[in-house]
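What's in data.txt: compact mmCIF, C-alpha atoms
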```txt
# COMPACT_ATOMS: atom_id res chain seq x y z
CA MET A 285 -10.11 6.74 -48.22
CA SER A 286 -8.62 8.86 -45.42
CA ARG A 287 -10.62 11.62 -43.82
CA PRO A 288 -9.77 15.13 -45.08
CA ARG A 289 -7.82 17.35 -42.72
CA LYS A 290 -9.66 20.16 -40.99
CA VAL A 291 -7.87 23.26 -42.22
CA ALA A 292 -10.14 25.75 -40.43
CA ALA A 293 -8.88 26.76 -37.00
CA ARG A 294 -10.74 25.47 -33.96
CA TYR A 295 -11.07 27.43 -30.70
CA LEU A 296 -10.48 25.04 -27.78
CA LYS A 297 -9.78 25.09 -24.07
CA HIS A 298 -6.31 24.19 -22.86
CA ALA A 299 -5.74 22.08 -19.73
CA SER A 300 -4.30 25.18 -18.03
CA GLY A 301 -7.57 27.07 -18.51
CA ARG A 302 -6.19 29.21 -21.30
CA ALA A 303 -7.55 29.22 -24.86
CA ARG A 304 -5.79 27.46 -27.69
CA ALA A 305 -6.20 27.22 -31.45
CA LEU A 306 -5.79 24.03 -33.46
CA TRP A 307 -5.58 23.85 -37.24
CA ASN A 308 -3.80 22.06 -40.09
CA ASP A 309 -1.58 23.35 -42.83
CA ALA A 310 0.48 21.71 -45.55
CA THR A 311 3.10 20.56 -43.04
CA GLY A 312 0.71 19.01 -40.52
CA PRO A 313 -1.20 19.94 -37.34
CA LYS A 314 -0.50 23.27 -35.64
CA VAL A 315 -1.25 24.40 -32.10
CA ARG A 316 -1.06 27.88 -30.61
CA LEU A 317 -1.83 29.02 -27.08
CA LEU A 318 -3.82 32.24 -27.15
CA PRO A 319 -3.44 35.10 -24.65
CA GLY A 320 -5.92 35.16 -21.80
CA PRO A 321 -8.33 32.58 -20.35
CA PHE A 322 -10.78 30.58 -22.43
CA ASN A 323 -13.68 32.76 -23.75
CA SER A 324 -11.92 35.95 -22.64
CA PRO A 325 -12.05 38.99 -24.99
CA GLU A 326 -8.30 38.97 -25.60
CA SER A 327 -8.26 35.28 -26.55
CA LEU A 328 -11.25 35.70 -28.88
CA GLU A 329 -9.58 38.69 -30.56
CA ALA A 330 -6.35 36.71 -31.00
CA PHE A 331 -8.32 33.81 -32.47
CA ALA A 332 -10.05 36.15 -34.92
CA ARG A 333 -6.64 37.48 -36.06
CA LEU A 334 -5.40 33.93 -36.50
CA GLN A 335 -8.40 33.07 -38.69
CA LEU A 336 -7.60 36.05 -40.90
CA GLU A 337 -3.96 34.97 -41.13
CA ILE A 338 -5.00 31.48 -42.19
CA ALA A 339 -7.50 32.81 -44.72
CA THR A 340 -4.88 35.08 -46.32
CA GLY A 341 -2.01 32.61 -46.05
CA GLU A 342 -0.69 30.09 -48.56
CA LYS A 343 -2.78 27.29 -50.04
CA GLY A 344 -3.58 24.73 -47.37
CA GLY A 345 -4.07 27.28 -44.64
CA ARG A 346 -0.44 27.92 -43.74
CA VAL A 347 0.09 31.00 -41.58
CA MET A 348 2.70 33.35 -42.94
CA GLU A 349 4.77 34.03 -39.83
CA SER A 350 8.48 34.78 -39.63
CA THR A 351 8.58 34.49 -35.83
CA PRO A 352 6.67 31.48 -34.48
CA THR A 353 6.03 31.23 -30.76
CA LEU A 354 8.06 28.97 -28.51
CA VAL A 355 5.11 26.57 -28.24
CA GLU A 356 4.99 26.17 -32.02
CA VAL A 357 8.61 25.03 -31.95
CA VAL A 358 8.46 22.87 -28.82
CA LEU A 359 5.41 20.78 -29.73
CA PRO A 360 6.82 19.45 -33.04
CA TYR A 361 10.05 18.56 -31.22
CA ILE A 362 8.12 16.58 -28.61
CA ARG A 363 6.42 14.61 -31.39
CA PHE A 364 9.86 13.95 -32.87
CA ALA A 365 11.24 12.88 -29.45
CA GLU A 366 8.37 10.44 -28.95
CA GLY A 367 9.38 8.60 -32.08
CA TYR A 368 13.13 8.93 -31.53
CA TYR A 369 13.39 7.97 -27.86
CA GLY A 370 10.21 5.93 -27.39
CA GLU A 371 8.69 5.48 -23.96
CA GLY A 372 11.12 5.81 -21.12
CA SER A 373 12.93 8.09 -18.73
CA GLU A 374 14.67 10.13 -21.44
CA LEU A 375 11.40 11.15 -23.09
CA GLU A 376 9.88 12.07 -19.73
CA ALA A 377 12.93 14.20 -18.91
CA VAL A 378 12.61 15.99 -22.26
CA LYS A 379 8.93 16.74 -21.63
CA SER A 380 9.68 17.90 -18.08
CA ALA A 381 12.33 20.38 -19.25
CA LEU A 382 10.25 21.77 -22.11
CA LYS A 383 7.16 22.05 -19.92
CA VAL A 384 8.88 24.62 -17.71
CA ALA A 385 10.02 26.60 -20.77
CA ARG A 386 6.48 26.55 -22.19
CA GLU A 387 4.97 27.73 -18.91
CA LEU A 388 7.35 30.70 -18.74
CA TYR A 389 7.70 31.77 -22.38
CA GLY A 390 5.30 29.65 -24.41
CA MET A 391 3.50 32.60 -25.99
CA ASP A 392 6.64 34.67 -26.64
CA ALA A 393 8.13 34.77 -30.10
CA VAL A 394 10.90 32.21 -30.31
CA ALA A 395 13.16 34.87 -31.85
CA GLU A 396 13.12 36.60 -28.44
CA PHE A 397 14.30 33.50 -26.59
CA GLY A 398 17.98 34.06 -25.92
CA PRO A 399 20.59 33.15 -23.28
CA LYS A 400 18.96 35.39 -20.64
CA LYS A 401 15.59 33.64 -20.92
CA LEU A 402 17.30 30.25 -20.96
CA ALA A 403 19.05 31.28 -17.74
CA ALA A 404 15.64 32.15 -16.26
CA VAL A 405 14.33 28.69 -17.19
CA ARG A 406 17.42 27.18 -15.59
CA GLU A 407 16.74 29.17 -12.43
CA ALA A 408 13.22 27.68 -12.38
CA PHE A 409 14.84 24.25 -12.54
CA ARG A 410 17.07 25.12 -9.58
CA ARG A 411 14.12 26.33 -7.51
CA LYS A 412 12.51 22.95 -7.94
CA GLY A 413 15.32 21.57 -5.79
CA TRP A 414 17.02 19.73 -8.65
CA SER A 415 20.71 18.97 -8.34
CA ARG A 416 23.31 20.98 -10.23
CA THR A 417 24.14 18.19 -12.66
CA TYR A 418 20.46 17.49 -13.36
CA VAL A 419 19.76 21.20 -13.91
CA ASN A 420 22.57 21.29 -16.47
CA ARG A 421 21.27 18.17 -18.23
CA GLN A 422 17.74 19.56 -18.42
CA THR A 423 19.04 22.88 -19.74
CA GLN A 424 20.89 21.03 -22.49
CA LYS A 425 17.64 19.33 -23.51
CA ILE A 426 16.23 22.76 -24.38
CA VAL A 427 19.38 23.56 -26.37
CA ARG A 428 18.95 20.23 -28.16
CA ALA A 429 15.37 21.13 -29.05
CA PHE A 430 16.58 24.38 -30.62
CA LYS A 431 19.25 22.46 -32.54
CA TRP A 432 16.58 20.17 -33.99
CA ALA A 433 14.33 23.12 -34.83
CA ALA A 434 17.22 24.82 -36.65
CA SER A 435 17.95 21.64 -38.63
CA GLU A 436 14.27 21.52 -39.64
CA GLU A 437 14.42 25.20 -40.66
CA LEU A 438 11.74 26.10 -38.12
CA ILE A 439 14.03 28.75 -36.62
CA PRO A 440 17.15 30.55 -37.85
CA ALA A 441 20.37 28.75 -36.94
CA PRO A 442 21.76 31.80 -35.01
CA LEU A 443 19.04 31.28 -32.36
CA HIS A 444 20.51 27.90 -31.52
CA GLN A 445 24.06 29.27 -31.56
CA ALA A 446 23.04 32.09 -29.21
CA ILE A 447 21.58 29.97 -26.43
CA LYS A 448 24.61 27.64 -26.62
CA THR A 449 26.68 30.49 -25.17
CA LEU A 450 25.10 30.04 -21.73
CA SER A 451 27.71 28.41 -19.50
CA PRO A 452 26.63 25.47 -17.30
CA LEU A 453 26.40 25.79 -13.53
CA ARG A 454 29.77 25.17 -11.92
CA ARG A 455 30.46 23.32 -8.70
CA GLY A 456 30.92 25.77 -5.84
CA HIS A 457 29.56 28.71 -7.84
CA CYS A 458 25.82 28.17 -7.42
CA ASP A 459 23.24 27.24 -4.79
CA ALA A 460 22.02 24.08 -6.53
CA PRO A 461 22.61 20.96 -4.40
CA GLU A 462 25.29 18.45 -5.33
CA THR A 463 24.53 14.75 -5.69
CA GLU A 464 26.71 12.02 -4.29
CA PRO A 465 28.04 9.43 -6.74
CA ARG A 466 25.82 6.39 -7.04
CA LYS A 467 27.20 3.59 -4.89
CA PRO A 468 26.68 -0.18 -5.17
CA ALA A 469 23.65 -1.52 -3.37
CA ASN A 470 24.04 -3.04 0.07
CA VAL A 471 23.73 -6.84 -0.28
CA GLU A 472 21.97 -7.20 3.08
CA HIS A 473 19.43 -4.53 2.17
CA VAL A 474 18.74 -6.24 -1.16
CA THR A 475 18.25 -9.62 0.52
CA ALA A 476 15.84 -8.12 3.07
CA THR A 477 13.83 -6.36 0.33
CA LEU A 478 13.31 -9.29 -2.05
CA PRO A 479 10.55 -11.10 -0.04
CA HIS A 480 8.41 -7.94 -0.09
CA LEU A 481 8.49 -7.50 -3.87
CA PRO A 482 5.72 -8.69 -6.23
CA LYS A 483 6.67 -11.83 -8.16
CA HIS A 484 7.48 -10.24 -11.52
CA VAL A 485 9.31 -7.26 -10.03
CA ARG A 486 11.33 -9.66 -7.92
CA GLY A 487 12.27 -11.58 -11.06
CA ILE A 488 13.48 -8.35 -12.70
CA VAL A 489 15.52 -7.42 -9.65
CA GLU A 490 17.06 -10.89 -9.42
CA LEU A 491 18.09 -10.81 -13.09
CA ILE A 492 19.70 -7.38 -12.69
CA ARG A 493 21.58 -8.71 -9.67
CA LEU A 494 22.79 -11.79 -11.56
CA THR A 495 23.66 -10.22 -14.91
CA GLY A 496 24.31 -6.53 -14.29
CA MET A 497 21.89 -5.54 -17.07
CA ARG A 498 20.19 -2.17 -17.09
CA PRO A 499 16.67 -2.22 -15.59
CA SER A 500 15.18 -1.17 -18.94
CA GLU A 501 16.94 -4.06 -20.69
CA VAL A 502 15.34 -6.60 -18.36
CA CYS A 503 11.92 -4.93 -18.55
CA ARG A 504 11.92 -5.23 -22.38
CA MET A 505 12.98 -8.89 -22.40
CA THR A 506 10.94 -11.21 -24.63
CA LEU A 507 11.25 -14.93 -25.27
CA GLY A 508 11.96 -14.41 -28.96
CA GLN A 509 15.13 -12.45 -28.20
CA ILE A 510 16.70 -15.29 -26.17
CA ASP A 511 18.64 -18.06 -27.91
CA ARG A 512 18.14 -21.10 -25.66
CA THR A 513 19.77 -23.72 -27.87
CA GLY A 514 23.06 -23.94 -25.97
CA PRO A 515 24.04 -24.43 -22.32
CA LEU A 516 24.43 -20.66 -22.02
CA TRP A 517 21.44 -18.64 -23.19
CA VAL A 518 22.14 -15.55 -25.27
CA TYR A 519 19.83 -12.54 -24.93
CA ARG A 520 20.15 -10.35 -28.04
CA LEU A 521 18.46 -7.03 -27.43
CA ALA A 522 16.50 -5.57 -30.31
CA GLN A 523 16.59 -2.07 -28.79
CA HIS A 524 19.02 -0.75 -26.20
CA LYS A 525 20.74 2.40 -25.00
CA ASN A 526 23.41 2.37 -27.72
CA SER A 527 21.26 1.20 -30.63
CA HIS A 528 21.67 4.54 -32.39
CA ARG A 529 25.45 3.96 -32.47
CA GLY A 530 24.94 0.77 -34.48
CA THR A 531 26.39 -1.45 -31.73
CA ALA A 532 24.95 -4.82 -30.78
CA ARG A 533 24.06 -5.66 -27.19
CA THR A 534 23.99 -9.23 -25.91
CA ALA A 535 23.72 -10.62 -22.40
CA ILE A 536 24.81 -14.13 -21.48
CA LEU A 537 22.40 -15.93 -19.15
CA ALA A 538 23.88 -18.73 -17.05
CA GLY A 539 22.21 -21.27 -14.75
CA ALA A 540 20.84 -18.96 -12.03
CA ALA A 541 19.52 -16.42 -14.53
CA GLN A 542 17.98 -19.22 -16.59
CA SER A 543 16.15 -20.52 -13.50
CA VAL A 544 14.65 -17.07 -12.82
CA ILE A 545 13.29 -16.87 -16.38
CA ALA A 546 12.08 -20.49 -16.36
CA SER A 547 10.11 -19.88 -13.16
CA HIS A 548 8.13 -17.15 -14.96
CA LEU A 549 7.37 -19.38 -17.92
CA GLU A 550 5.69 -22.13 -15.90
CA GLY A 551 1.97 -22.43 -16.48
CA CYS A 552 1.78 -19.82 -19.24
CA THR A 553 2.24 -19.73 -22.99
CA LEU A 554 4.12 -16.73 -24.33
CA GLY A 555 4.63 -15.62 -27.89
CA ASP A 556 8.02 -14.47 -29.15
CA ASP A 557 7.03 -10.81 -28.75
CA ASP A 558 5.31 -11.13 -25.36
CA PRO A 559 7.15 -9.71 -22.32
CA ILE A 560 8.49 -12.23 -19.84
CA PHE A 561 7.76 -9.83 -16.99
CA SER A 562 4.38 -8.10 -17.28
CA PRO A 563 2.28 -5.99 -14.87
CA HIS A 564 -0.89 -7.25 -16.54
CA ARG A 565 0.04 -10.91 -16.13
CA GLN A 566 1.30 -10.30 -12.60
CA ARG A 567 -2.09 -8.89 -11.63
CA GLY A 568 -3.92 -11.90 -13.10
CA GLU A 569 -1.61 -14.36 -11.34
CA ARG A 570 -2.12 -12.57 -8.03
CA PHE A 571 -5.91 -12.76 -8.36
CA THR A 572 -5.69 -16.46 -9.25
CA ALA A 573 -3.50 -17.19 -6.22
CA MET A 574 -5.86 -15.27 -3.92
CA ARG A 575 -8.86 -17.21 -5.23
CA ALA A 576 -7.03 -20.55 -4.81
CA ALA A 577 -6.08 -19.67 -1.21
CA ARG A 578 -9.64 -18.73 -0.30
CA LYS A 579 -11.15 -21.12 2.26
CA SER A 580 -14.75 -19.91 2.37
CA LYS A 581 -17.24 -20.49 -0.41
CA VAL A 582 -17.34 -17.86 -3.13
CA GLN A 583 -20.62 -15.96 -3.09
CA PRO A 584 -22.34 -15.23 -6.42
CA SER A 585 -21.78 -11.51 -6.01
CA GLN A 586 -18.04 -12.12 -5.53
CA VAL A 587 -17.42 -14.37 -8.52
CA SER A 588 -16.10 -11.38 -10.44
CA ARG A 589 -15.55 -8.12 -8.59
CA LYS A 590 -13.53 -6.43 -11.31
CA VAL A 591 -14.41 -2.87 -12.17
CA LYS A 592 -16.21 -2.91 -15.54
CA GLN A 593 -14.60 0.30 -16.74
CA PRO A 594 -11.47 0.93 -14.64
CA LYS A 595 -9.74 4.27 -15.01
CA ARG A 596 -6.37 2.61 -15.45
CA LEU A 597 -5.35 -0.97 -16.25
CA PRO A 598 -1.88 -2.47 -15.74
CA GLY A 599 0.18 -2.23 -18.90
CA ALA A 600 1.82 -5.08 -20.77
CA TRP A 601 5.35 -3.86 -19.98
CA PHE A 602 7.17 -2.72 -16.87
CA THR A 603 9.12 0.53 -16.93
CA SER A 604 12.31 1.21 -15.01
CA HIS A 605 10.43 3.88 -13.01
CA ALA A 606 7.73 1.38 -11.98
CA VAL A 607 10.37 -1.12 -10.84
CA ALA A 608 12.23 1.57 -8.89
CA ASN A 609 9.00 2.64 -7.15
CA ALA A 610 8.17 -0.97 -6.23
CA VAL A 611 11.68 -1.45 -4.82
CA ALA A 612 11.42 1.76 -2.76
CA ILE A 613 8.10 0.63 -1.25
CA ALA A 614 9.42 -2.87 -0.51
CA ALA A 615 12.59 -1.47 1.11
CA LYS A 616 10.47 0.74 3.35
CA THR A 617 8.31 -2.27 4.29
CA ALA A 618 11.45 -4.29 5.08
CA GLY A 619 12.76 -1.45 7.25
CA VAL A 620 16.03 -0.99 5.35
CA GLN A 621 17.63 2.02 3.70
CA PRO A 622 16.09 2.75 0.28
CA TRP A 623 18.09 1.64 -2.77
CA SER A 624 17.51 1.69 -6.51
CA PRO A 625 17.69 -1.14 -9.07
CA TYR A 626 20.49 0.67 -10.89
CA GLN A 627 22.66 0.25 -7.79
CA LEU A 628 22.54 -3.50 -8.46
CA ARG A 629 24.31 -2.84 -11.75
CA HIS A 630 27.03 -0.94 -9.88
CA LEU A 631 27.24 -3.79 -7.37
CA LYS A 632 27.70 -6.33 -10.15
CA GLY A 633 30.36 -4.18 -11.79
CA ALA A 634 32.30 -3.90 -8.54
CA GLU A 635 32.09 -7.66 -7.91
CA LEU A 636 33.27 -8.50 -11.42
CA ARG A 637 36.15 -6.03 -11.23
CA GLU A 638 37.57 -7.90 -8.25
CA LYS A 639 37.95 -11.07 -10.37
CA PHE A 640 38.25 -9.99 -14.00
CA SER A 641 39.90 -7.35 -16.15
CA LEU A 642 38.27 -4.06 -17.04
CA GLU A 643 37.65 -5.32 -20.59
CA HIS A 644 35.78 -8.37 -19.26
CA VAL A 645 33.59 -6.15 -17.09
CA ARG A 646 32.93 -3.81 -20.03
CA ALA A 647 31.72 -6.74 -22.13
CA VAL A 648 29.34 -7.95 -19.42
CA LEU A 649 27.86 -4.53 -18.67
CA GLY A 650 27.55 -3.61 -22.34
CA HIS A 651 29.51 -0.35 -22.25
CA SER A 652 30.83 1.20 -25.45
CA HIS A 653 33.92 2.58 -23.71
CA ALA A 654 36.02 1.23 -20.85
CA SER A 655 36.01 4.67 -19.18
CA MET A 656 32.37 4.16 -18.21
CA THR A 657 33.18 0.69 -16.87
CA ALA A 658 35.92 2.17 -14.71
CA HIS A 659 33.34 4.54 -13.23
CA TYR A 660 31.10 1.61 -12.29
CA ALA A 661 33.96 -0.35 -10.74
CA LYS A 662 35.56 2.56 -8.86
CA GLY A 663 34.97 1.00 -5.44
CA ALA A 664 36.53 -2.28 -6.56
CA ASP A 665 39.62 -0.48 -7.89
CA GLU A 666 40.11 1.13 -4.47
CA ALA A 667 39.88 -2.30 -2.85
CA LEU A 668 42.44 -3.71 -5.31
CA ALA A 669 44.79 -0.79 -4.63
CA ALA A 670 44.46 -1.37 -0.89
CA GLU A 671 45.25 -5.05 -1.40
CA VAL A 672 48.46 -4.14 -3.28
CA ALA A 673 49.43 -1.64 -0.56
CA ARG A 674 49.03 -4.28 2.15
CA ALA A 675 51.08 -6.78 0.17
CA MET A 676 53.86 -4.30 -0.49
CA GLY A 677 53.91 -3.11 3.12
```
Will you turn the file into structure tokens for me?
Amino acid sequence: MSRPRKVAARYLKHASGRARALWNDATGPKVRLLPGPFNSPESLEAFARLQLEIATGEKGGRVMESTPTLVEVVLPYIRFAEGYYGEGSELEAVKSALKVARELYGMDAVAEFGPKKLAAVREAFRRKGWSRTYVNRQTQKIVRAFKWAASEELIPAPLHQAIKTLSPLRRGHCDAPETEPRKPANVEHVTATLPHLPKHVRGIVELIRLTGMRPSEVCRMTLGQIDRTGPLWVYRLAQHKNSHRGTARTAILAGAAQSVIASHLEGCTLGDDDPIFSPHRQRGERFTAMRAARKSKVQPSQVSRKVKQPKRLPGAWFTSHAVANAVAIAAKTAGVQPWSPYQLRHLKGAELREKFSLEHVRAVLGHSHASMTAHYAKGADEALAAEVARAMG
């Protein structure tokens, strides 16, 4: 039998030092930031009013409010985004955008949040030093949250339509910095970086270089998703960037890619759902190698020097952010210009475009539309055009 929900509001301290109230109603848990610091008179008065609202509300403790605060709209959307996007860069970007909006207008009634306040949030993005394109993308994440809230009837639909009227920042008409297009990685820099990478991160980087897969696709690779019955292995991704479009994503693994995977399967037994590349297993393998290379006798006090209750343990899965950070550190150690794993995907696209048609490259990279493939292979198209110009004189 499940535990009954606590309908009565609880007065708690928020991480920011402010007071917050937590309670349940018929639709689920509710959170509200209260005005003033924790234990301040204004927060206690606001909490007392909230208790009265709950006591006089509908059955189940629902508060009868026509204008919820921005926080009361944002938090349910974040819970939705966690289930919709899962762990990854998109979810972190959503939380980052909404965090700024909550800090500025969290306690304001959501009905008062219009284009002017959205513009103020966007200005806060710009003052963080974010690029113009990233500021626009983060602003659209707030608009998307309002769209979801309107579809769930948490807010009136005109609120979403109103903030959609804010025009995006235009090139040359704002002070936000511009970003240069992502270029293919330098092959010499990649070669110099590889020896300084941990074993499992190096395997991920090598697979991206050989196949052109997205970093997240390699990080989520499991043995059960790879068909190894034929001479060419077929990696069928269970989840990928375009899963919500109903499209399948497969990657063909030839000899060199097969060797990279096989080297990580030696000496270990993996289940079908276990990750091939794992921070947790990498840590254990590193400790084992260090112990095997030790020349002096192991003292009793050094048999196991692991922290009994560490604050943070390596996870079972790598993330694309973790791989990018490891590559940045290794590039700095190697003394070469920093580069990102995603630039390997651009490099592979450019190399393939020199030998195959755009449709072939699209199939390898797993794009839904050839227009995106053309963007990846832009440098190669310029090289092909130059080759034609030289031939034609």
Quick one: residues within 12 Å of Ala610 (chain A), all atoms listed in the file counted, chain neighbours fewer than 5 positions away excluded, as a PDB file with C-alpha atoms, in the coordinates of the input?
```pdb
ATOM      1  CA  THR A 477      13.830  -6.360   0.330  1.00  0.00           C
ATOM      2  CA  LEU A 478      13.310  -9.290  -2.050  1.00  0.00           C
ATOM      3  CA  HIS A 480       8.410  -7.940  -0.090  1.00  0.00           C
ATOM      4  CA  LEU A 481       8.490  -7.500  -3.870  1.00  0.00           C
ATOM      5  CA  PRO A 482       5.720  -8.690  -6.230  1.00  0.00           C
ATOM      6  CA  LYS A 483       6.670 -11.830  -8.160  1.00  0.00           C
ATOM      7  CA  HIS A 484       7.480 -10.240 -11.520  1.00  0.00           C
ATOM      8  CA  VAL A 485       9.310  -7.260 -10.030  1.00  0.00           C
ATOM      9  CA  ARG A 486      11.330  -9.660  -7.920  1.00  0.00           C
ATOM     10  CA  ILE A 488      13.480  -8.350 -12.700  1.00  0.00           C
ATOM     11  CA  VAL A 489      15.520  -7.420  -9.650  1.00  0.00           C
ATOM     12  CA  PRO A 563       2.280  -5.990 -14.870  1.00  0.00           C
ATOM     13  CA  PHE A 602       7.170  -2.720 -16.870  1.00  0.00           C
ATOM     14  CA  THR A 603       9.120   0.530 -16.930  1.00  0.00           C
ATOM     15  CA  SER A 604      12.310   1.210 -15.010  1.00  0.00           C
ATOM     16  CA  HIS A 605      10.430   3.880 -13.010  1.00  0.00           C
ATOM     17  CA  ALA A 615      12.590  -1.470   1.110  1.00  0.00           C
ATOM     18  CA  LYS A 616      10.470   0.740   3.350  1.00  0.00           C
ATOM     19  CA  THR A 617       8.310  -2.270   4.290  1.00  0.00           C
ATOM     20  CA  PRO A 622      16.090   2.750   0.280  1.00  0.00           C
ATOM     21  CA  TRP A 623      18.090   1.640  -2.770  1.00  0.00           C
ATOM     22  CA  SER A 624      17.510   1.690  -6.510  1.00  0.00           C
ATOM     23  CA  PRO A 625      17.690  -1.140  -9.070  1.00  0.00           C
TER      24      PRO A 625
END
```
Original post:
Near Arg504 (chain A), counting all atoms listed in the file, which residues have an atom at most 10 Å away, once you skip same-chain residues fewer than 2 positions from it, shown as a list in words?
Top reply: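 What passes the distance filter is Pro499, Ser500, Glu501, Val502, Thr506, Gln509, Leu521, Ala522, Gln523, His524, Asp557, Asp558, Pro559, Ile560, Phe561, Ser562, Trp601, Phe602, Thr603 and Ser604 of chain A.
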Would you save the residues from that selection as a CSV table (one decimal), in the coordinates of the input, using C-alpha atoms?
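New file selection-v4.csv:
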```
chain,number,residue,atom,x,y,z
A,499,PRO,CA,16.7,-2.2,-15.6
A,500,SER,CA,15.2,-1.2,-18.9
A,501,GLU,CA,16.9,-4.1,-20.7
A,502,VAL,CA,15.3,-6.6,-18.4
A,506,THR,CA,10.9,-11.2,-24.6
A,509,GLN,CA,15.1,-12.4,-28.2
A,521,LEU,CA,18.5,-7.0,-27.4
A,522,ALA,CA,16.5,-5.6,-30.3
A,523,GLN,CA,16.6,-2.1,-28.8
A,524,HIS,CA,19.0,-0.8,-26.2
A,557,ASP,CA,7.0,-10.8,-28.8
A,558,ASP,CA,5.3,-11.1,-25.4
A,559,PRO,CA,7.2,-9.7,-22.3
A,560,ILE,CA,8.5,-12.2,-19.8
A,561,PHE,CA,7.8,-9.8,-17.0
A,562,SER,CA,4.4,-8.1,-17.3
A,601,TRP,CA,5.4,-3.9,-20.0
A,602,PHE,CA,7.2,-2.7,-16.9
A,603,THR,CA,9.1,0.5,-16.9
A,604,SER,CA,12.3,1.2,-15.0
```
Original post:
What does the distance between CA of Pro468 (chain A) and CA of Gln627 (chain A) come to in Å, to one decimal place?
Top reply: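 Pair CA of Pro468 (chain A) / CA of Gln627 (chain A) returns 4.8 Å.
In this comparison, which uses all atoms listed in the file, the residue of A:Gly398, A:Pro452, A:Gly370, A:Pro360 approaching Pro313 (chain A) most closely is A:Pro360.
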Original post:
When distances are computed from only C-alpha atoms, which of A:Arg493, A:Arg498, A:Phe640, A:Glu569 shows the smallest separation from Ala541 (chain A)?
Top reply: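 Once distances to Ala541 (chain A) are computed over only C-alpha atoms, the minimum belongs to A:Arg493.
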Subject >> Atomic separation - CA of Glu643 (chain A) relative to CA of Ala532 (chain A), Å >> reply: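 A separation of 16.3 Å between them.
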Subject >> Å distance separating CA of Leu450 (chain A) from CA of Pro399 (chain A), one decimal place >> reply: 5.7 Å
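Shortest separation to Val394 (chain A) among A:Val355, A:Val518, A:Ile362, A:Leu549 occurs at residue A:Val355, atoms counted being all atoms listed in the file.
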Original post:
Residues around (-6.3, 40.4, -24.9), cut-off 7 Å, counting all atoms listed in the file - what are they as a list in words?
Top reply: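 Within the cut-off we find Pro319, Gly320, Pro325, Glu326, Ser327 and Glu329 of chain A.
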**OP:** Compare A:Phe397, A:Phe322, A:Tyr519, A:Tyr368 by their minimum atom-to-atom distance to Phe430 (chain A), counting all atoms listed in the file, and give me the closest one.
**Re:**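 Of A:Phe397, A:Phe322, A:Tyr519, A:Tyr368, the one nearest Phe430 (chain A) is A:Phe397, counting all atoms listed in the file.
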Residues near Ile510 (chain A), cut-off 10 Å, only C-alpha atoms, skip fewer than 5 positions along chain, as a PDB file with C-alpha atoms, keeping the file's coordinate frame:
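What landed in selection_36.pdb:
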```pdb
ATOM      1  CA  MET A 505      12.980  -8.890 -22.400  1.00  0.00           C
ATOM      2  CA  TRP A 517      21.440 -18.640 -23.190  1.00  0.00           C
ATOM      3  CA  VAL A 518      22.140 -15.550 -25.270  1.00  0.00           C
ATOM      4  CA  TYR A 519      19.830 -12.540 -24.930  1.00  0.00           C
ATOM      5  CA  ARG A 520      20.150 -10.350 -28.040  1.00  0.00           C
ATOM      6  CA  LEU A 521      18.460  -7.030 -27.430  1.00  0.00           C
ATOM      7  CA  THR A 534      23.990  -9.230 -25.910  1.00  0.00           C
ATOM      8  CA  ALA A 535      23.720 -10.620 -22.400  1.00  0.00           C
ATOM      9  CA  ILE A 536      24.810 -14.130 -21.480  1.00  0.00           C
ATOM     10  CA  LEU A 537      22.400 -15.930 -19.150  1.00  0.00           C
ATOM     11  CA  ASP A 556       8.020 -14.470 -29.150  1.00  0.00           C
TER      12      ASP A 556
END
```
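For the set A:Ala332, A:Ala365, A:Ile338, A:Ile447, the residue with the smallest atom-to-atom gap to Asp309 (chain A) is A:Ile338, counting only C-alpha atoms.
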